Structure formats: C-alpha cells, structure tokens
file data_28.cif (mmCIF, C-alpha atoms)
data_input
loop_
_atom_site.group_PDB
_atom_site.id
_atom_site.type_symbol
_atom_site.label_atom_id
_atom_site.label_comp_id
_atom_site.auth_asym_id
_atom_site.auth_seq_id
_atom_site.Cartn_x
_atom_site.Cartn_y
_atom_site.Cartn_z
ATOM 1 C CA MET A 1 14.915 9.281 0.313
ATOM 2 C CA GLU A 2 11.221 10.058 0.649
ATOM 3 C CA ARG A 3 8.901 7.166 -0.136
ATOM 4 C CA THR A 4 5.219 7.130 -1.015
ATOM 5 C CA ILE A 5 2.981 4.815 1.009
ATOM 6 C CA ILE A 6 -0.409 3.848 -0.398
ATOM 7 C CA THR A 7 -3.072 1.957 1.567
ATOM 8 C CA PHE A 8 -6.114 0.613 -0.253
ATOM 9 C CA TYR A 9 -8.852 -2.002 -0.167
ATOM 10 C CA GLN A 10 -12.002 -2.869 -2.049
ATOM 11 C CA PHE A 11 -14.607 -5.549 -1.449
ATOM 12 C CA ALA A 12 -15.554 -6.969 -4.842
ATOM 13 C CA ASP A 13 -16.496 -10.233 -6.515
ATOM 14 C CA LEU A 14 -13.055 -11.508 -7.513
ATOM 15 C CA PRO A 15 -13.215 -15.208 -8.461
ATOM 16 C CA ASP A 16 -10.053 -14.789 -10.552
ATOM 17 C CA PHE A 17 -7.999 -13.457 -7.615
ATOM 18 C CA GLN A 18 -5.248 -16.067 -7.980
ATOM 19 C CA ASP A 19 -4.530 -14.884 -11.525
ATOM 20 C CA TRP A 20 -3.366 -11.498 -10.183
ATOM 21 C CA LYS A 21 -0.456 -12.735 -8.091
ATOM 22 C CA ASN A 22 2.299 -13.183 -10.713
ATOM 23 C CA SER A 23 1.464 -9.951 -12.532
ATOM 24 C CA MET A 24 1.619 -7.974 -9.294
ATOM 25 C CA GLU A 25 4.898 -9.543 -8.239
ATOM 26 C CA ASN A 26 6.501 -8.872 -11.631
ATOM 27 C CA LEU A 27 5.299 -5.269 -11.716
ATOM 28 C CA GLY A 28 6.426 -4.676 -8.135
ATOM 29 C CA GLU A 29 9.915 -5.931 -8.903
ATOM 30 C CA LYS A 30 10.141 -3.801 -12.028
ATOM 31 C CA GLU A 31 8.950 -0.613 -10.296
ATOM 32 C CA LYS A 32 10.740 -1.220 -6.944
ATOM 33 C CA VAL A 33 7.408 -1.353 -5.107
ATOM 34 C CA LEU A 34 7.415 -3.160 -1.753
ATOM 35 C CA GLY A 35 4.653 -3.994 0.715
ATOM 36 C CA THR A 36 1.856 -6.471 1.322
ATOM 37 C CA VAL A 37 -1.148 -7.173 -0.893
ATOM 38 C CA ILE A 38 -3.841 -9.669 0.081
ATOM 39 C CA LEU A 39 -6.017 -11.174 -2.637
ATOM 40 C CA GLY A 40 -9.186 -13.189 -2.110
ATOM 41 C CA LYS A 41 -12.490 -13.958 -3.751
ATOM 42 C CA GLU A 42 -14.017 -11.039 -1.783
ATOM 43 C CA GLY A 43 -11.554 -8.444 -3.129
ATOM 44 C CA ILE A 44 -8.193 -6.838 -2.447
ATOM 45 C CA ASN A 45 -6.453 -5.270 0.555
ATOM 46 C CA GLY A 46 -2.974 -3.796 0.587
ATOM 47 C CA THR A 47 -0.319 -1.345 1.661
ATOM 48 C CA ILE A 48 2.553 -0.627 -0.695
ATOM 49 C CA CYS A 49 5.536 1.693 -0.636
ATOM 50 C CA GLY A 50 8.089 2.870 -3.149
ATOM 51 C CA PRO A 51 9.051 5.644 -5.561
ATOM 52 C CA GLU A 52 6.098 7.873 -6.412
ATOM 53 C CA ASP A 53 6.091 6.894 -10.082
ATOM 54 C CA GLY A 54 6.344 3.180 -9.335
ATOM 55 C CA VAL A 55 3.500 3.298 -6.825
ATOM 56 C CA ARG A 56 1.370 5.252 -9.302
ATOM 57 C CA LYS A 57 1.913 2.585 -12.004
ATOM 58 C CA PHE A 58 1.094 -0.208 -9.549
ATOM 59 C CA MET A 59 -2.208 1.434 -8.622
ATOM 60 C CA ALA A 60 -2.995 2.137 -12.286
ATOM 61 C CA PHE A 61 -2.576 -1.577 -13.000
ATOM 62 C CA ILE A 62 -5.176 -2.458 -10.347
ATOM 63 C CA ARG A 63 -7.627 0.258 -11.386
ATOM 64 C CA ALA A 64 -7.481 -0.837 -15.011
ATOM 65 C CA ASP A 65 -9.912 -3.566 -13.904
ATOM 66 C CA GLU A 66 -13.416 -2.073 -13.804
ATOM 67 C CA ARG A 67 -14.108 -3.706 -10.446
ATOM 68 C CA PHE A 68 -11.467 -1.439 -8.888
ATOM 69 C CA ALA A 69 -11.760 1.613 -11.131
ATOM 70 C CA ASP A 70 -13.140 3.736 -8.287
ATOM 71 C CA MET A 71 -11.179 2.154 -5.455
ATOM 72 C CA PRO A 72 -10.072 4.867 -3.010
ATOM 73 C CA ASN A 73 -6.597 4.975 -1.516
ATOM 74 C CA ARG A 74 -4.696 6.992 1.041
ATOM 75 C CA ALA A 75 -1.202 8.326 0.424
ATOM 76 C CA THR A 76 1.366 9.244 3.060
ATOM 77 C CA PHE A 77 5.051 10.004 2.811
ATOM 78 C CA THR A 78 7.972 8.929 4.939
ATOM 79 C CA SER A 79 11.736 8.723 4.914
ATOM 80 C CA ARG A 80 11.624 5.452 6.896
ATOM 81 C CA GLN A 81 12.210 2.035 5.362
ATOM 82 C CA THR A 82 8.648 0.770 5.677
ATOM 83 C CA PHE A 83 8.857 -2.615 3.916
ATOM 84 C CA TYR A 84 11.682 -4.916 2.885
ATOM 85 C CA ARG A 85 9.955 -7.013 0.235
ATOM 86 C CA LEU A 86 6.737 -7.316 -1.773
ATOM 87 C CA ARG A 87 4.451 -10.085 -0.550
ATOM 88 C CA VAL A 88 1.311 -10.955 -2.501
ATOM 89 C CA ALA A 89 -0.722 -13.321 -0.347
ATOM 90 C CA ILE A 90 -3.664 -15.498 -1.342
ATOM 91 C CA ARG A 91 -6.281 -15.745 1.412
ATOM 92 C CA ASP A 92 -9.846 -16.977 1.890
ATOM 93 C CA GLU A 93 -10.710 -13.492 3.245
ATOM 94 C CA ILE A 94 -8.961 -10.175 2.663
ATOM 95 C CA VAL A 95 -9.605 -9.396 6.323
ATOM 96 C CA THR A 96 -10.137 -12.545 8.336
ATOM 97 C CA LEU A 97 -13.292 -12.662 10.447
ATOM 98 C CA GLY A 98 -13.909 -16.375 10.102
ATOM 99 C CA VAL A 99 -17.713 -16.153 9.802
ATOM 100 C CA PRO A 100 -19.210 -17.446 6.532
ATOM 101 C CA GLY A 101 -21.751 -15.329 4.700
ATOM 102 C CA ILE A 102 -20.619 -11.881 5.875
ATOM 103 C CA ASP A 103 -20.598 -9.751 2.728
ATOM 104 C CA PRO A 104 -20.088 -5.954 2.966
ATOM 105 C CA THR A 105 -21.120 -5.597 -0.670
ATOM 106 C CA GLU A 106 -24.604 -6.805 0.322
ATOM 107 C CA VAL A 107 -25.138 -5.098 3.698
ATOM 108 C CA VAL A 108 -22.940 -2.631 5.548
ATOM 109 C CA GLY A 109 -23.258 0.047 8.231
ATOM 110 C CA GLN A 110 -23.707 3.751 7.620
ATOM 111 C CA TYR A 111 -20.541 5.614 6.675
ATOM 112 C CA VAL A 112 -19.718 8.699 8.730
ATOM 113 C CA GLU A 113 -17.334 11.355 7.426
ATOM 114 C CA PRO A 114 -14.524 12.533 9.742
ATOM 115 C CA GLU A 115 -16.109 15.990 9.947
ATOM 116 C CA ASP A 116 -19.305 14.440 11.414
ATOM 117 C CA TRP A 117 -17.646 11.867 13.638
ATOM 118 C CA ASN A 118 -17.263 13.954 16.813
ATOM 119 C CA ALA A 119 -20.962 14.798 16.936
ATOM 120 C CA LEU A 120 -21.921 11.150 16.536
ATOM 121 C CA ILE A 121 -19.644 9.746 19.234
ATOM 122 C CA ASN A 122 -20.723 12.456 21.691
ATOM 123 C CA ASP A 123 -24.319 11.259 21.449
ATOM 124 C CA PRO A 124 -25.076 9.572 24.815
ATOM 125 C CA GLU A 125 -27.236 6.992 23.034
ATOM 126 C CA VAL A 126 -24.291 5.775 20.951
ATOM 127 C CA MET A 127 -21.907 3.033 22.052
ATOM 128 C CA LEU A 128 -18.431 3.706 20.659
ATOM 129 C CA VAL A 129 -16.409 0.561 19.879
ATOM 130 C CA ASP A 130 -12.792 0.159 18.798
ATOM 131 C CA THR A 131 -12.682 -2.872 16.475
ATOM 132 C CA ARG A 132 -8.887 -3.173 16.586
ATOM 133 C CA ASN A 133 -6.670 -5.511 18.586
ATOM 134 C CA ASP A 134 -5.105 -4.976 22.004
ATOM 135 C CA TYR A 135 -1.656 -3.823 20.838
ATOM 136 C CA GLU A 136 -3.253 -1.221 18.559
ATOM 137 C CA VAL A 137 -5.636 0.108 21.198
ATOM 138 C CA GLU A 138 -2.826 0.483 23.728
ATOM 139 C CA LEU A 139 -1.025 2.981 21.488
ATOM 140 C CA GLY A 140 -4.050 5.230 20.968
ATOM 141 C CA THR A 141 -7.850 5.357 20.639
ATOM 142 C CA PHE A 142 -10.841 7.708 20.750
ATOM 143 C CA LYS A 143 -11.962 9.083 24.102
ATOM 144 C CA GLY A 144 -14.501 6.808 25.760
ATOM 145 C CA ALA A 145 -14.181 3.972 23.236
ATOM 146 C CA LEU A 146 -14.923 0.414 24.353
ATOM 147 C CA ASP A 147 -11.858 -1.842 24.009
ATOM 148 C CA PRO A 148 -12.818 -5.361 22.837
ATOM 149 C CA ASN A 149 -9.548 -6.784 24.243
ATOM 150 C CA THR A 150 -9.062 -8.972 21.199
ATOM 151 C CA GLN A 151 -5.785 -10.354 19.937
ATOM 152 C CA THR A 152 -7.110 -11.090 16.449
ATOM 153 C CA PHE A 153 -10.108 -9.963 14.423
ATOM 154 C CA CYS A 154 -11.399 -13.556 14.523
ATOM 155 C CA GLN A 155 -12.313 -12.919 18.184
ATOM 156 C CA TRP A 156 -14.741 -10.145 17.207
ATOM 157 C CA PRO A 157 -17.814 -12.461 16.968
ATOM 158 C CA ASP A 158 -17.197 -13.696 20.533
ATOM 159 C CA PHE A 159 -16.882 -10.106 21.760
ATOM 160 C CA VAL A 160 -20.217 -9.261 20.116
ATOM 161 C CA LYS A 161 -21.900 -12.295 21.658
ATOM 162 C CA ASP A 162 -20.443 -11.804 25.159
ATOM 163 C CA SER A 163 -20.336 -8.005 25.474
ATOM 164 C CA LEU A 164 -22.473 -6.213 22.884
ATOM 165 C CA SER A 165 -25.556 -8.369 22.451
ATOM 166 C CA ASN A 166 -26.830 -7.656 25.969
ATOM 167 C CA SER A 167 -26.068 -3.937 25.913
ATOM 168 C CA PRO A 168 -29.091 -1.617 26.335
ATOM 169 C CA LYS A 169 -27.579 0.689 23.711
ATOM 170 C CA ARG A 170 -28.460 -0.446 20.205
ATOM 171 C CA LYS A 171 -26.703 2.352 18.321
ATOM 172 C CA VAL A 172 -23.110 1.380 17.641
ATOM 173 C CA ALA A 173 -20.355 3.548 16.177
ATOM 174 C CA MET A 174 -17.152 1.718 15.330
ATOM 175 C CA PHE A 175 -13.753 2.534 13.928
ATOM 176 C CA CYS A 176 -10.546 0.847 12.800
ATOM 177 C CA THR A 177 -7.271 1.864 11.156
ATOM 178 C CA GLY A 178 -8.322 2.260 7.535
ATOM 179 C CA GLY A 179 -11.949 1.161 7.393
ATOM 180 C CA ILE A 180 -11.824 -2.421 6.168
ATOM 181 C CA ARG A 181 -12.418 -4.180 9.484
ATOM 182 C CA CYS A 182 -15.326 -1.852 10.235
ATOM 183 C CA GLU A 183 -17.034 -2.670 6.975
ATOM 184 C CA LYS A 184 -16.970 -6.348 7.809
ATOM 185 C CA ALA A 185 -17.735 -5.849 11.504
ATOM 186 C CA SER A 186 -20.702 -3.603 10.715
ATOM 187 C CA SER A 187 -22.053 -6.165 8.258
ATOM 188 C CA HIS A 188 -21.722 -8.778 10.992
ATOM 189 C CA LEU A 189 -23.611 -6.625 13.532
ATOM 190 C CA LEU A 190 -26.448 -5.898 11.122
ATOM 191 C CA GLN A 191 -26.854 -9.614 10.528
ATOM 192 C CA ASN A 192 -26.985 -10.144 14.287
ATOM 193 C CA GLY A 193 -29.880 -7.883 15.193
ATOM 194 C CA PHE A 194 -28.343 -4.417 15.519
ATOM 195 C CA ASP A 195 -30.436 -1.786 13.768
ATOM 196 C CA GLU A 196 -28.212 1.310 13.766
ATOM 197 C CA VAL A 197 -24.565 0.707 12.975
ATOM 198 C CA TYR A 198 -22.168 3.455 11.968
ATOM 199 C CA HIS A 199 -18.505 3.403 11.027
ATOM 200 C CA LEU A 200 -15.872 6.020 10.347
ATOM 201 C CA ARG A 201 -15.276 6.345 6.621
ATOM 202 C CA GLY A 202 -11.618 5.749 5.840
ATOM 203 C CA GLY A 203 -10.902 4.863 9.445
ATOM 204 C CA ILE A 204 -8.634 6.581 11.923
ATOM 205 C CA LEU A 205 -6.161 7.504 9.200
ATOM 206 C CA HIS A 206 -8.793 9.539 7.370
ATOM 207 C CA TYR A 207 -9.782 11.256 10.620
ATOM 208 C CA LEU A 208 -6.179 12.157 11.480
ATOM 209 C CA GLU A 209 -5.725 13.466 7.946
ATOM 210 C CA LYS A 210 -8.819 15.679 8.020
ATOM 211 C CA ILE A 211 -9.297 16.820 11.625
ATOM 212 C CA ALA A 212 -7.050 19.437 13.236
ATOM 213 C CA PRO A 213 -5.417 18.447 16.562
ATOM 214 C CA GLU A 214 -7.302 21.146 18.473
ATOM 215 C CA ASP A 215 -10.652 19.710 17.288
ATOM 216 C CA SER A 216 -9.704 16.073 17.667
ATOM 217 C CA GLN A 217 -11.042 13.509 20.113
ATOM 218 C CA TRP A 218 -8.264 11.077 19.275
ATOM 219 C CA GLU A 219 -5.744 10.325 22.012
ATOM 220 C CA GLY A 220 -2.276 8.932 21.323
ATOM 221 C CA GLU A 221 -0.873 7.564 18.065
ATOM 222 C CA CYS A 222 -2.354 5.236 15.465
ATOM 223 C CA PHE A 223 -0.597 1.923 14.861
ATOM 224 C CA VAL A 224 0.013 1.073 11.199
ATOM 225 C CA PHE A 225 0.993 -2.291 9.788
ATOM 226 C CA HIS A 226 4.449 -1.571 8.485
ATOM 227 C CA HIS A 227 7.750 -0.201 9.753
ATOM 228 C CA GLN A 228 6.465 3.338 9.881
ATOM 229 C CA VAL A 229 4.822 1.847 13.031
ATOM 230 C CA SER A 230 2.564 4.777 13.934
ATOM 231 C CA VAL A 231 1.206 8.108 12.725
ATOM 232 C CA THR A 232 -0.253 11.213 14.347
ATOM 233 C CA HIS A 233 -2.419 14.110 13.124
ATOM 234 C CA GLY A 234 -1.631 15.105 9.572
ATOM 235 C CA LEU A 235 -0.427 11.498 9.083
ATOM 236 C CA LYS A 236 3.024 12.506 10.294
ATOM 237 C CA ASP A 237 5.388 9.829 11.578
ATOM 238 C CA GLY A 238 4.712 8.910 15.202
ATOM 239 C CA GLU A 239 7.297 8.172 17.872
ATOM 240 C CA ALA A 240 6.503 4.482 18.435
ATOM 241 C CA VAL A 241 8.929 1.747 17.425
ATOM 242 C CA LEU A 242 8.291 -1.966 17.027
ATOM 243 C CA CYS A 243 9.571 -4.716 19.307
ATOM 244 C CA PHE A 244 10.851 -7.591 17.183
ATOM 245 C CA GLY A 245 10.469 -9.999 20.085
ATOM 246 C CA CYS A 246 6.677 -9.690 20.382
ATOM 247 C CA ARG A 247 5.694 -7.199 17.628
ATOM 248 C CA TRP A 248 4.114 -4.731 20.074
ATOM 249 C CA PRO A 249 4.476 -0.991 19.438
ATOM 250 C CA LEU A 250 6.666 0.599 22.102
ATOM 251 C CA THR A 251 6.267 3.957 23.797
ATOM 252 C CA GLU A 252 8.989 6.203 25.199
ATOM 253 C CA GLU A 253 8.407 4.619 28.612
ATOM 254 C CA ASP A 254 8.973 1.139 27.152
ATOM 255 C CA LEU A 255 12.191 2.257 25.474
ATOM 256 C CA SER A 256 13.616 3.554 28.765
ATOM 257 C CA SER A 257 12.910 0.282 30.590
ATOM 258 C CA PRO A 258 15.856 -1.962 31.576
ATOM 259 C CA ASP A 259 13.921 -4.811 29.907
ATOM 260 C CA TYR A 260 14.203 -3.139 26.518
ATOM 261 C CA GLU A 261 16.932 -4.381 24.180
ATOM 262 C CA LYS A 262 16.920 -2.903 20.697
ATOM 263 C CA GLY A 263 15.757 -5.382 18.086
ATOM 264 C CA VAL A 264 15.358 -8.109 20.718
ATOM 265 C CA SER A 265 12.923 -7.559 23.589
ATOM 266 C CA CYS A 266 10.777 -5.153 25.567
ATOM 267 C CA PRO A 267 9.024 -5.109 28.977
ATOM 268 C CA LYS A 268 6.127 -7.097 27.508
ATOM 269 C CA CYS A 269 8.166 -10.051 26.261
ATOM 270 C CA ASN A 270 11.577 -9.969 27.954
ATOM 271 C CA GLY A 271 10.653 -12.622 30.503
ATOM 272 C CA ASP A 272 9.041 -14.938 27.951
ATOM 273 C CA LEU A 273 11.728 -15.219 25.267
ATOM 274 C CA SER A 274 13.594 -18.504 25.094
ATOM 275 C CA ASP A 275 17.392 -18.390 25.041
ATOM 276 C CA SER A 276 17.458 -19.594 21.433
ATOM 277 C CA LYS A 277 14.912 -16.968 20.326
ATOM 278 C CA ARG A 278 16.814 -14.228 22.134
ATOM 279 C CA GLU A 279 20.125 -15.201 20.527
ATOM 280 C CA SER A 280 18.472 -15.413 17.109
ATOM 281 C CA LEU A 281 17.087 -11.883 17.496
ATOM 282 C CA ARG A 282 20.440 -10.582 18.707
ATOM 283 C CA GLU A 283 22.171 -12.063 15.679
ATOM 284 C CA ARG A 284 19.533 -10.561 13.415
ATOM 285 C CA GLN A 285 20.065 -7.142 14.990
ATOM 286 C CA ARG A 286 23.843 -7.503 14.663
ATOM 287 C CA GLN A 287 23.506 -8.256 10.940
ATOM 288 C CA VAL A 288 21.146 -5.292 10.493
ATOM 289 C CA GLU A 289 23.666 -2.945 12.127
ATOM 290 C CA LEU A 290 26.577 -4.340 10.093
ATOM 291 C CA ALA A 291 24.590 -3.907 6.882
ATOM 292 C CA ARG A 292 23.712 -0.341 7.880
ATOM 293 C CA LYS A 293 27.415 0.480 8.321
ATOM 294 C CA ARG A 294 28.008 -0.866 4.809
ATOM 295 C CA ARG A 295 25.003 1.171 3.609
ATOM 296 C CA GLU A 296 23.276 -2.009 2.546
ATOM 297 C CA THR A 297 19.872 -3.528 3.312
ATOM 298 C CA HIS A 298 19.932 -6.729 5.343
ATOM 299 C CA ILE A 299 16.245 -7.513 5.905
ATOM 300 C CA GLY A 300 14.573 -8.442 2.640
ATOM 301 C CA ARG A 301 17.840 -8.662 0.718
ATOM 302 C CA LYS A 302 17.802 -11.297 -1.983
ATOM 303 C CA MET A 303 20.446 -13.905 -1.359
ATOM 304 C CA PRO A 304 22.564 -15.091 -4.287
ATOM 305 C CA THR A 305 21.375 -18.290 -5.870
ATOM 306 C CA THR A 306 23.771 -21.185 -5.354
ATOM 307 C CA GLN A 307 24.955 -22.473 -8.694
ATOM 308 C CA PRO A 308 25.114 -26.250 -9.155
ATOM 309 C CA ALA A 309 28.597 -27.696 -9.378
ATOM 310 C CA LEU A 310 29.792 -28.440 -12.881
ATOM 311 C CA LYS A 311 29.946 -32.109 -13.753
ATOM 312 C CA THR A 312 33.367 -33.350 -14.769
ATOM 313 C CA SER A 313 34.353 -36.540 -16.508
ATOM 314 C CA PRO A 314 36.048 -39.120 -14.302
ATOM 315 C CA PRO A 315 39.792 -39.461 -14.837
ATOM 316 C CA ALA A 316 40.786 -41.927 -17.518
#
call {"tool": "encode", "arguments": {"input": "data_28.cif", "output": "structure tokens"}}
result
Amino acid sequence: MERTIITFYQFADLPDFQDWKNSMENLGEKEKVLGTVILGKEGINGTICGPEDGVRKFMAFIRADERFADMPNRATFTSRQTFYRLRVAIRDEIVTLGVPGIDPTEVVGQYVEPEDWNALINDPEVMLVDTRNDYEVELGTFKGALDPNTQTFCQWPDFVKDSLSNSPKRKVAMFCTGGIRCEKASSHLLQNGFDEVYHLRGGILHYLEKIAPEDSQWEGECFVFHHQVSVTHGLKDGEAVLCFGCRWPLTEEDLSSPDYEKGVSCPKCNGDLSDSKRESLRERQRQVELARKRRETHIGRKMPTTQPALKTSPPA
C-alpha cells in the first residue's frame, strides 16, 4: 500500500504548544496517521505518514491556526512502513541547539533556491558547510562540503568556535536535510559575527526534488529520519537500510560484511554490543519476522490491556 509522507516545520511564537498534544494524538489515531511531531514554544517540527486523506486532514488541522496557515510542507510517497506509532513530543526547542536567545524569526540567513544553489557553492569565496551529523554525512553530501564531525546538533556551537571563527572565508553556505537546522544555525552564525550567511531553502530534499541528476552536485543518498531511511533524486527510495544496533544507515558494502546481522548489528557496532543487548535485538528481530509471516505488525502494535481480576466474596 502506498503511503504519503509529509515533512514540515515552522518557527512561530507558540506559548500554548502543550495544548496541541492531545488533539494531535486523537486526530492521528482517528485518521491512522503515524510519525513524530515535536512541539515547543518556538514552533512545530514533524514528519508524518499515512493514507493520503488522513495526512491531508492532519495538516489542515495544523494550518487552521493562523500562525501555521502558510507553513510549507514536502510530500513523498513510499510503499515502505515508515513509522510504527504517532509520537507527539513536548520539547524546549523544536530542533535542539542548546543556545539561549537564538531566534530564526528575528534574524536568519539568506535563503537560496535549489536552482541557484550550484552557482553559489561554486564561488571560491564561499565556504560550504554540512550542518548535519556524522551518520548523515557518511551516506551522502555535496561535493566539497566541510563535515563538522558532530554527533548531535548541540555540538554545532563548538564547531563554529573551533573551526569556523578563525576561517579567512566569511561567506558561509550551509545545508541540512529539510531546512530547519540551517535556519537555526544561520541565526547562530549571524549573532556570532558572520556577515554573509546563506542556506538552501527546503534543504537537501528540496534540491533532490528540483534538480535533475545530470545537473546535480549531490553525491550519494540523503538520510531521512524514519524507516524510509534514505532518498535519492526525485525523492525516490534509496538503497540504505538502518542498523538497529547503532542506528547508522548501512550501505551495500556494510550489508555484505560478515559483521552484519539483520536487525542486530553492523560493522560499526558489532564489536561493541553487550551479550544482553545482542540477544534482545535478536529476539526483537525474531518477533518481527514471526509477525510478518502472520501478516501482522509487531513494532508499534498496541498490546491488550490487562483487565483487573474480578473480586469475589469469600466462602461462607
């Protein structure tokens, strides 16, 4: 069955963010919409998946609020099971940088459309920076991009301090998966003395959607944060799969390694898994395969609620 995937975010003043949680969860259950939505006082960030009509109603609910009436989104389609449940999370930040006072609604870098991106990054005066984390960069990136070697976005300020602040190049072009990290990262750079900061509007996904492979300067696949795992030009499903031992995306070379065990480990984590963790992952994989044979869903399946035992009167 083909499913519709929608990714979206919007920075906005949302002091009532906690009031949205129950309504979203109830609507998601009714419309069979799964995914992850993050709510915070600075706005909303999410990726959802489900039947086309259900996803459309979910987005209509959000856009009924004037703060999100013009919120853009990106739609892709897949036959893969991308999510197993709907999770609506309450966070201090919708994308966690960990630096107080960074507000993309107040100051943000210059947006660059995908059609203009190649010309910008080919400018020798421009420093091209990938704002994503190590496991994302390994799967694919733009030619010549600087890898920050971060494991989380919270390490971005240290990367700026240690690697960017002393660079002779003061023009910075940055990119991320969908655009949200770049908005916050560009705001951070502008507040730290950089004068010319650019970022790819809509992120890598928008570029892969708009730019033909023969004109592209993208190399590899783009990691996405759900079980579709990766996409290529035209936002078609990529070949990467996810390791459940360490959550890294795996290439064809990884899958052919003797250290790869489906649903358990890969060359990156095989030597680090404890015996108990390994056995737990093997049991999980066994249950997934048994459920598949029964044409059922194991991950994300709601377990039956245990009913309390009936009280009986003591014998006379």
call {"tool": "closest_residue", "arguments": {"input": "data_28.cif", "among": "A:Ile180, A:Cys243, A:Val129, A:Leu86", "to": "Glu261 (chain A)", "atoms": "only C-alpha atoms"}}
result
A:Cys243
call {"tool": "residues_around", "arguments": {"input": "data_28.cif", "residues": "region 161-164 of chain A", "least_positions_apart": "5", "cutoff": "10 Å", "atoms": "all atoms listed in the file", "output": "JSON, numbers by chain"}}
result
{"A": [127, 129, 148, 156, 169, 170, 172, 189, 192, 194]}
call {"tool": "atom_distance", "arguments": {"input": "data_28.cif", "atom1": "CA of Leu34 (chain A)", "atom2": "CA of Cys154 (chain A)"}}
result
27.0 Å
call {"tool": "atom_distance", "arguments": {"input": "data_28.cif", "atom1": "CA of Glu29 (chain A)", "atom2": "CA of Phe225 (chain A)"}}
result
21.0 Å
call {"tool": "residues_around", "arguments": {"input": "data_28.cif", "residues": "Gly46 (chain A)", "least_positions_apart": "2", "cutoff": "6 Å", "atoms": "all atoms listed in the file", "output": "mmCIF file with C-alpha atoms, in the frame of the given file"}}
result
data_model
loop_
_atom_site.group_PDB
_atom_site.id
_atom_site.type_symbol
_atom_site.label_atom_id
_atom_site.label_comp_id
_atom_site.auth_asym_id
_atom_site.auth_seq_id
_atom_site.Cartn_x
_atom_site.Cartn_y
_atom_site.Cartn_z
ATOM 1 C CA THR A 7 -3.072 1.957 1.567
ATOM 2 C CA PHE A 8 -6.114 0.613 -0.253
ATOM 3 C CA THR A 36 1.856 -6.471 1.322
ATOM 4 C CA VAL A 37 -1.148 -7.173 -0.893
ATOM 5 C CA ILE A 38 -3.841 -9.669 0.081
#
call {"tool": "decode", "arguments": {"input": "data_28.cif", "residues": "region 222-243 of chain A", "atoms": "N, CA and C atoms", "output": "compact mmCIF listing (two decimals), in the first residue's frame"}}
result
# COMPACT_ATOMS: atom_id res chain seq x y z
N CYS A 222 20.46 10.72 0.65
CA CYS A 222 20.15 11.62 1.76
C CYS A 222 19.43 10.84 2.86
N PHE A 223 20.01 10.84 4.04
CA PHE A 223 19.40 10.16 5.19
C PHE A 223 18.14 10.91 5.61
N VAL A 224 17.07 10.15 5.91
CA VAL A 224 15.85 10.74 6.44
C VAL A 224 15.49 10.04 7.74
N PHE A 225 14.77 10.75 8.59
CA PHE A 225 14.58 10.28 9.96
C PHE A 225 13.32 9.43 10.13
N HIS A 226 13.23 8.40 9.34
CA HIS A 226 12.19 7.41 9.52
C HIS A 226 12.61 6.17 8.76
N HIS A 227 11.77 5.16 8.71
CA HIS A 227 12.20 3.87 8.16
C HIS A 227 12.22 3.82 6.64
N GLN A 228 12.00 4.95 5.99
CA GLN A 228 12.33 5.03 4.58
C GLN A 228 13.85 5.07 4.44
N VAL A 229 14.53 5.57 5.46
CA VAL A 229 15.98 5.60 5.67
C VAL A 229 16.69 6.61 4.78
N SER A 230 16.50 6.52 3.45
CA SER A 230 17.22 7.44 2.58
C SER A 230 16.43 7.66 1.29
N VAL A 231 16.75 8.78 0.62
CA VAL A 231 16.13 9.09 -0.67
C VAL A 231 17.22 9.54 -1.63
N THR A 232 16.88 9.49 -2.93
CA THR A 232 17.78 9.94 -3.98
C THR A 232 17.06 11.00 -4.80
N HIS A 233 17.60 11.36 -5.97
CA HIS A 233 16.98 12.37 -6.82
C HIS A 233 15.55 11.98 -7.16
N GLY A 234 14.69 12.99 -7.20
CA GLY A 234 13.28 12.74 -7.41
C GLY A 234 12.59 12.24 -6.16
N LEU A 235 13.32 12.25 -5.02
CA LEU A 235 12.84 11.77 -3.73
C LEU A 235 12.39 10.31 -3.79
N LYS A 236 13.05 9.54 -4.64
CA LYS A 236 12.79 8.11 -4.71
C LYS A 236 13.49 7.40 -3.56
N ASP A 237 12.94 6.24 -3.16
CA ASP A 237 13.55 5.47 -2.09
C ASP A 237 15.00 5.16 -2.41
N GLY A 238 15.89 5.36 -1.42
CA GLY A 238 17.28 4.98 -1.58
C GLY A 238 17.48 3.51 -1.24
N GLU A 239 18.74 3.09 -1.26
CA GLU A 239 19.07 1.68 -1.01
C GLU A 239 19.48 1.42 0.44
N ALA A 240 19.75 2.46 1.21
CA ALA A 240 20.26 2.28 2.56
C ALA A 240 19.21 1.63 3.47
N VAL A 241 19.70 0.86 4.43
CA VAL A 241 18.85 0.31 5.49
C VAL A 241 19.43 0.75 6.82
N LEU A 242 18.66 0.58 7.88
CA LEU A 242 19.08 1.07 9.19
C LEU A 242 19.56 -0.09 10.06
N CYS A 243 20.66 0.12 10.76
CA CYS A 243 21.13 -0.85 11.74
C CYS A 243 20.42 -0.57 13.06
